[in-house]
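Only one structure is covered here, and it is reproduced in the block below.
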Amino acid sequence: MITRHHGFTLTEVVITISIASILASIAIPSFASLLKNNKMAISNNELLTALSFTRSSAITRGTTVTLCKSNATSTNCDANAEWQDGWIVFEDKNNDGDVDTSDGEVILSVYQSLGGDLKLTYQHDRLKYNNEGFSMGYAGVFLLCDSRGNSAKRGIIISANGRPRKGDINELSNCPTS
């Protein structure tokens with residue numbers, strides 16, 4: 001009786017590994033781009049949610065509510081922080097743009113740093129909504145960029161009355177070069 005050995009020859013193994021390597025070299029860059037796109041979409045949606053929350057909180061609470069840039073170690077506004085470092089949303093009863101817990105102002109939400117190589121810019125250090133949901137004087141664009149630059153930029157446009165909406169790539173300014 002003849003015994004047959006089952007297995008792969010060295011040639012078959014080398015060819016299989018070569019094909020797998022070629023497929024991986026094609027798939028890995030696409031996967032990295034997919035991860036970056038997801039990170040940008042998540043960050044943009046988180047910001048849009050924060051802006052909508054700020055506006056609706058001002059209306060439901062019947063007082064000014066402010067969103068301002070902060071950093072991960074603080075629950076106060078920080079004009080020296082960058083927007084990508086995080087932001088806070090708080091009742092701004094005395095309308096001074098700073099958290100004054102002694103005046104009964106309450107922090108409504110704290111948002112952490114976006115992380116990674118994301119850069120978020122906006123023309124102002126804060127955004128205030130009055131009790132009617134208007135934000136006069138804060139029109140502008142939150143621009144979100146990463147290392148890919150203008151090809152992947154996203155943004156949120158704040159209208160003259162304060163309504164936030166996602167911006168089309170053609171409506172957004174260029175990403176910072178640094």
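Convention: chains lettered A, B, ... in structure tokens order; per-chain residue numbering from 1; ligands numbered from 1 as shown.
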
Contact check, range 69-138 of chain A to range 42-49 of chain A, at most 10 Å, counting only C-alpha atoms, closest pairs as a Markdown table:
```
| residue | atom | partner | partner_atom | distance |
| --- | --- | --- | --- | --- |
| A:Gln84 | CA | A:Ser43 | CA | 9.5 |
| A:Gly86 | CA | A:Leu47 | CA | 10.0 |
| A:Trp87 | CA | A:Leu47 | CA | 9.4 |
| A:Tyr111 | CA | A:Glu46 | CA | 8.9 |
| A:Ser113 | CA | A:Ser43 | CA | 9.9 |
| A:Leu114 | CA | A:Ser43 | CA | 6.7 |
| A:Gly115 | CA | A:Ser43 | CA | 9.6 |
| A:Leu118 | CA | A:Ser43 | CA | 8.9 |
| A:Leu120 | CA | A:Asn44 | CA | 9.5 |
```

Determine which residues of range 77-130 of chain A receive a DSSP assignment of strand (DSSP E or B), computed from the backbone, and state them as an MDAnalysis selection string.
-> chainID A and resid 87:91 107:111 119:121 126:129

Of the listed residues A:Pro176, A:Gly104, A:Gly167, A:Gly116, that which approaches Leu35 in chain A most closely, counting only C-alpha atoms |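 Ranking A:Pro176, A:Gly104, A:Gly167, A:Gly116 by distance to Leu35 in chain A, first place goes to A:Gly116.
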
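Residue neighbourhood of Asn130 in chain A, excluding near-sequence residues (fewer than 4 positions): A:Arg55, A:Ala58, A:Ile59, A:Gly62, A:Thr63, A:Thr64, A:Val65, A:Thr66, A:Phe134, A:Ser135, A:Met136, at 9 Å, using only C-alpha atoms.
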
Using only C-alpha atoms, determine which residues lie at most 7 Å from range 149-155 of chain A, disregarding the query and same-chain residues fewer than 5 positions distant; provide the list as a PDB file with C-alpha atoms, in the first residue's frame.
```pdb
ATOM      1  CA  ASN A  44     -16.796  66.767  12.444  1.00  0.00           C
ATOM      2  CA  VAL A 141     -16.298  78.439   9.689  1.00  0.00           C
ATOM      3  CA  PHE A 142     -14.956  75.680  11.886  1.00  0.00           C
ATOM      4  CA  LEU A 143     -12.339  74.121   9.592  1.00  0.00           C
ATOM      5  CA  LEU A 144     -11.102  70.583  10.307  1.00  0.00           C
ATOM      6  CA  LYS A 166     -21.892  70.978   7.442  1.00  0.00           C
ATOM      7  CA  GLY A 167     -19.941  72.846   4.804  1.00  0.00           C
ATOM      8  CA  ILE A 169     -15.629  71.233   0.448  1.00  0.00           C
ATOM      9  CA  LEU A 172     -14.287  75.906   2.954  1.00  0.00           C
ATOM     10  CA  ASN A 174      -7.665  76.215   2.599  1.00  0.00           C
ATOM     11  CA  CYS A 175      -6.126  74.190   5.397  1.00  0.00           C
TER      12      CYS A 175
END
```

Non-local contacts of Val89 in chain A (9 Å; only C-alpha atoms; under 6 positions in same chain excluded) as a PDB file with N, CA and C atoms, in the first residue's frame:
```pdb
ATOM      1  N   ALA A  50     -22.053  69.177  19.249  1.00  0.00           N
ATOM      2  CA  ALA A  50     -21.792  70.138  20.329  1.00  0.00           C
ATOM      3  C   ALA A  50     -22.408  71.496  20.020  1.00  0.00           C
ATOM      4  N   LEU A  51     -22.320  71.932  18.786  1.00  0.00           N
ATOM      5  CA  LEU A  51     -22.898  73.219  18.402  1.00  0.00           C
ATOM      6  C   LEU A  51     -24.423  73.181  18.493  1.00  0.00           C
ATOM      7  N   PHE A  53     -26.153  71.170  20.387  1.00  0.00           N
ATOM      8  CA  PHE A  53     -26.462  71.067  21.812  1.00  0.00           C
ATOM      9  C   PHE A  53     -26.381  72.437  22.485  1.00  0.00           C
ATOM     10  N   THR A  54     -25.370  73.208  22.150  1.00  0.00           N
ATOM     11  CA  THR A  54     -25.204  74.544  22.722  1.00  0.00           C
ATOM     12  C   THR A  54     -26.398  75.423  22.369  1.00  0.00           C
ATOM     13  N   VAL A  65     -25.867  80.523  26.411  1.00  0.00           N
ATOM     14  CA  VAL A  65     -25.012  79.352  26.578  1.00  0.00           C
ATOM     15  C   VAL A  65     -23.825  79.535  25.643  1.00  0.00           C
ATOM     16  N   THR A  66     -22.634  79.283  26.168  1.00  0.00           N
ATOM     17  CA  THR A  66     -21.398  79.528  25.437  1.00  0.00           C
ATOM     18  C   THR A  66     -20.637  78.230  25.214  1.00  0.00           C
ATOM     19  N   LEU A  67     -20.045  78.123  24.043  1.00  0.00           N
ATOM     20  CA  LEU A  67     -19.101  77.055  23.717  1.00  0.00           C
ATOM     21  C   LEU A  67     -17.763  77.745  23.529  1.00  0.00           C
ATOM     22  N   CYS A  68     -16.755  77.315  24.262  1.00  0.00           N
ATOM     23  CA  CYS A  68     -15.440  77.957  24.127  1.00  0.00           C
ATOM     24  C   CYS A  68     -14.343  76.906  24.122  1.00  0.00           C
ATOM     25  N   VAL A 106     -23.349  76.810  35.147  1.00  0.00           N
ATOM     26  CA  VAL A 106     -23.146  75.370  35.168  1.00  0.00           C
ATOM     27  C   VAL A 106     -22.468  74.920  33.879  1.00  0.00           C
ATOM     28  N   ILE A 107     -21.467  74.069  34.024  1.00  0.00           N
ATOM     29  CA  ILE A 107     -20.843  73.456  32.851  1.00  0.00           C
ATOM     30  C   ILE A 107     -21.775  72.340  32.389  1.00  0.00           C
ATOM     31  N   LEU A 108     -22.194  72.418  31.139  1.00  0.00           N
ATOM     32  CA  LEU A 108     -23.145  71.460  30.596  1.00  0.00           C
ATOM     33  C   LEU A 108     -22.467  70.276  29.925  1.00  0.00           C
ATOM     34  N   SER A 109     -21.308  70.502  29.356  1.00  0.00           N
ATOM     35  CA  SER A 109     -20.604  69.420  28.679  1.00  0.00           C
ATOM     36  C   SER A 109     -19.137  69.788  28.489  1.00  0.00           C
ATOM     37  N   VAL A 110     -18.289  68.768  28.570  1.00  0.00           N
ATOM     38  CA  VAL A 110     -16.850  68.936  28.348  1.00  0.00           C
ATOM     39  C   VAL A 110     -16.454  67.986  27.222  1.00  0.00           C
ATOM     40  N   TYR A 111     -15.787  68.503  26.219  1.00  0.00           N
ATOM     41  CA  TYR A 111     -15.345  67.707  25.079  1.00  0.00           C
ATOM     42  C   TYR A 111     -13.824  67.626  25.105  1.00  0.00           C
TER      43      TYR A 111
END
```

Go through A:Ser147, A:Glu91, A:Ile2, A:Gly140 and flag the residue nearest Arg165 in chain A, using only C-alpha atoms for the distances.
->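 Checking each candidate against Arg165 in chain A, we get A:Gly140 as the closest.
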
State, in Å with one decimal place, the distance from CA of Asp92 in chain A to CA of Lys128 in chain A.
->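 Interatomic distance, CA of Asp92 in chain A to CA of Lys128 in chain A: 8.5 Å.
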
Check the DSSP output for the backbone and give back, as a PyMOL selection string, the residues of range 80-168 of chain A in helix (DSSP H, G or I).
-> chain A and resi 83-85+101-103+149-151

State, in Å with one decimal place, the distance from CA of Asp78 in chain A to CA of Asp125 in chain A.
->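 Those two atoms sit 8.1 Å apart.
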
Write out as a list in words which residues come within 12 Å of Ala139 in chain A when counting only C-alpha atoms, dropping same-chain ones fewer than 4 positions away.
->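 The neighbour list is Tyr122, Gln123, His124, Arg126, Leu127, Lys128, Tyr129, Phe134, Ser135, Ile156, Ile157, Ile158, Ser159, Ala160, Asn161, Gly162, Arg163, Pro164 and Arg165 of chain A.
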
Would you mind reading off the distance between CA of Ser56 in chain A and CA of Glu132 in chain A, one decimal, in Å?
->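 Those two atoms sit 9.1 Å apart.
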